[in-house]
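So the structure is just underneath, and the comments pick up after that.
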Amino acid sequence: MKILLSIKPEFAERIFDGTKRFEFRKAVHANREVRTVVVYVTRPVGRIVGEFEVAGITEAAPSSLWEKTQEFAGVSREFFDEYFLGRERGYAIHIGYVTRYETPVVPEDVIDNFTP
């Protein structure tokens, strides 16, 4: 099963170059059978550029989550803290095998009524 996630251009690039091995979320998909994340890169790119396997999901208090993921977080501590500000729990999707599409996909061409 696959899901589509919107990811900012700078973070998507870090995923595909291997320097970001965790995608942080305030909430994650309810269906734990999801094994693949399709990456939609937000504007100005506005394309589906690839996908990655979900190697696992860690749920923890933000401070603990940072301790577990900081080496390959792909974001600064300041950004991380601001993102999870006021949250008791956070999620880190472990990024497994990554595939960058040869040709990025215009989402409106493949998804009816697409909205990021």
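Residues are referred to by chain and number: the chain letter is A, B, ... according to the order shown in the structure tokens, the number counts from 1 in that chain, and ligands are numbered separately from 1 in the order shown.
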
- Message: Report as a ChimeraX atom specification all protein, DNA and RNA residues lying within 12 Å of Arg21 of chain A, evaluated on only C-alpha atoms, omitting residues in the same chain fewer than 3 positions from it.
- Response: /A:11-18,24,52-57,68-75,92-98

Pull N, CA and C atoms from the residues just selected and write them as a compact mmCIF listing (two decimals), in the first residue's frame.
```
# COMPACT_ATOMS: atom_id res chain seq x y z
N PHE A 11 13.86 19.48 1.80
CA PHE A 11 13.85 18.22 2.54
C PHE A 11 13.77 17.03 1.60
N ALA A 12 13.03 17.17 0.51
CA ALA A 12 12.96 16.10 -0.47
C ALA A 12 14.34 15.83 -1.06
N GLU A 13 15.08 16.88 -1.36
CA GLU A 13 16.42 16.71 -1.92
C GLU A 13 17.31 15.95 -0.95
N ARG A 14 17.20 16.24 0.33
CA ARG A 14 18.00 15.53 1.34
C ARG A 14 17.60 14.07 1.46
N ILE A 15 16.32 13.79 1.25
CA ILE A 15 15.88 12.38 1.24
C ILE A 15 16.54 11.64 0.09
N PHE A 16 16.51 12.26 -1.09
CA PHE A 16 17.04 11.56 -2.27
C PHE A 16 18.56 11.54 -2.33
N ASP A 17 19.24 12.45 -1.61
CA ASP A 17 20.70 12.38 -1.59
C ASP A 17 21.22 11.57 -0.39
N GLY A 18 20.30 11.08 0.46
CA GLY A 18 20.66 10.19 1.55
C GLY A 18 21.05 10.85 2.85
N PHE A 24 9.77 13.59 9.51
CA PHE A 24 9.06 13.88 10.75
C PHE A 24 7.63 14.32 10.46
N PHE A 52 9.80 6.31 -1.44
CA PHE A 52 10.70 5.57 -0.56
C PHE A 52 9.92 4.54 0.24
N GLU A 53 10.64 3.48 0.61
CA GLU A 53 10.05 2.44 1.44
C GLU A 53 10.02 2.91 2.88
N VAL A 54 8.96 2.54 3.58
CA VAL A 54 8.84 2.83 5.00
C VAL A 54 9.55 1.69 5.74
N ALA A 55 10.67 2.02 6.37
CA ALA A 55 11.45 1.01 7.09
C ALA A 55 11.01 0.88 8.54
N GLY A 56 10.09 1.73 8.97
CA GLY A 56 9.57 1.71 10.32
C GLY A 56 9.08 3.09 10.71
N ILE A 57 8.42 3.15 11.85
CA ILE A 57 7.92 4.42 12.37
C ILE A 57 8.21 4.45 13.86
N LYS A 68 17.08 10.01 19.15
CA LYS A 68 17.13 8.78 18.34
C LYS A 68 17.44 9.05 16.87
N THR A 69 17.15 10.26 16.39
CA THR A 69 17.21 10.51 14.95
C THR A 69 18.17 11.60 14.51
N GLN A 70 18.77 12.33 15.44
CA GLN A 70 19.49 13.55 15.11
C GLN A 70 20.60 13.38 14.07
N GLU A 71 21.28 12.23 14.07
CA GLU A 71 22.39 12.06 13.13
C GLU A 71 21.95 12.15 11.67
N PHE A 72 20.76 11.63 11.39
CA PHE A 72 20.26 11.65 10.01
C PHE A 72 18.89 12.32 9.91
N ALA A 73 18.67 13.33 10.77
CA ALA A 73 17.40 14.04 10.78
C ALA A 73 17.21 14.87 9.51
N GLY A 74 18.30 15.43 9.00
CA GLY A 74 18.21 16.25 7.79
C GLY A 74 17.61 17.62 8.05
N VAL A 75 17.42 17.96 9.33
CA VAL A 75 16.92 19.27 9.73
C VAL A 75 17.72 19.73 10.94
N ALA A 92 8.59 9.76 13.58
CA ALA A 92 9.66 9.75 12.60
C ALA A 92 9.45 8.54 11.71
N ILE A 93 9.22 8.80 10.43
CA ILE A 93 9.11 7.71 9.46
C ILE A 93 10.53 7.39 9.02
N HIS A 94 10.95 6.15 9.21
CA HIS A 94 12.29 5.73 8.82
C HIS A 94 12.30 5.50 7.31
N ILE A 95 13.18 6.18 6.63
CA ILE A 95 13.25 6.12 5.18
C ILE A 95 14.13 4.94 4.77
N GLY A 96 13.53 4.00 4.04
CA GLY A 96 14.26 2.85 3.54
C GLY A 96 14.77 3.13 2.13
N TYR A 97 14.64 2.14 1.27
CA TYR A 97 15.12 2.25 -0.11
C TYR A 97 14.41 3.41 -0.82
N VAL A 98 15.19 4.24 -1.50
CA VAL A 98 14.68 5.44 -2.15
C VAL A 98 14.78 5.29 -3.67
```

- Task: Within chain A, find each residue whose DSSP state, derived from the backbone, is strand (DSSP E), and express the selection as a PyMOL selection string.
- Result: chain A and resi 2-7+22-25+36-41+47-60+90-105

- Message: Residues within 9 Å of Val39 of chain A, please, as a PyMOL selection string. Count only C-alpha atoms; anything in the same chain fewer than 2 positions from it doesn't count.
- Response: chain A and resi 3-7+12+37+41+47-52

- Task: Using DSSP on the backbone coordinates, identify all residues within chain A classified as alpha helix (DSSP H); present the result as an MDAnalysis selection string.
- Result: chainID A and resid 9:17 62:69 77:83 107:110

- Task: Compare A:Gly46, A:Thr115, A:Thr36, A:Ser76 by their minimum atom-to-atom distance to Lys20 of chain A, counting only C-alpha atoms, and give me the closest one.
- Result: A:Ser76

- Have a look at atom CA of Arg25 of chain A and atom CA of Ile111 of chain A and let me know their distance in Å, one decimal.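 Taking atom CA of Arg25 of chain A as the start and atom CA of Ile111 of chain A as the end point, the length is 23.1 Å.
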
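Remark: for Phe114 of chain A, the closest of the candidate residues A:Gly90, A:Lys26, A:Tyr40, A:Met1 is A:Tyr40 (distances computed over only C-alpha atoms).
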
- Message: So that I can check the surroundings of Pro44 of chain A, please list as a PyMOL selection string every protein, DNA and RNA residue that reaches within 12 Å of it, counting only C-alpha atoms and ignoring chain neighbours fewer than 5 positions away.
- Response: chain A and resi 7-10

- Of the listed residues A:Val106, A:Asp112, A:Phe79, A:Arg89, that which approaches Thr42 of chain A most closely, counting only C-alpha atoms: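 Nearest to Thr42 of chain A: A:Val106.
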
- Task: Could you check how far atom CA of Glu88 of chain A sits from atom CA of Ala61 of chain A, in Å to one decimal?
- Result: 5.5 Å

- Query: By how many Å are atom CA of Ala27 of chain A and atom CA of Gly86 of chain A apart?
  - Reply: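 Atom-to-atom, atom CA of Ala27 of chain A and atom CA of Gly86 of chain A are spaced 13.6 Å apart.
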
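With only C-alpha atoms as the atoms that count, the minimum distance from Glu33 of chain A to the choices A:Lys2, A:Tyr101, A:Thr58, A:Tyr83 is reached by A:Lys2.
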
- Task: Counting only C-alpha atoms, figure out which residue out of A:Glu102, A:Asn31, A:Trp66, A:Ala60 gets nearest to Glu78 of chain A.
- Result: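 Once distances to Glu78 of chain A are computed over only C-alpha atoms, the minimum belongs to A:Trp66.
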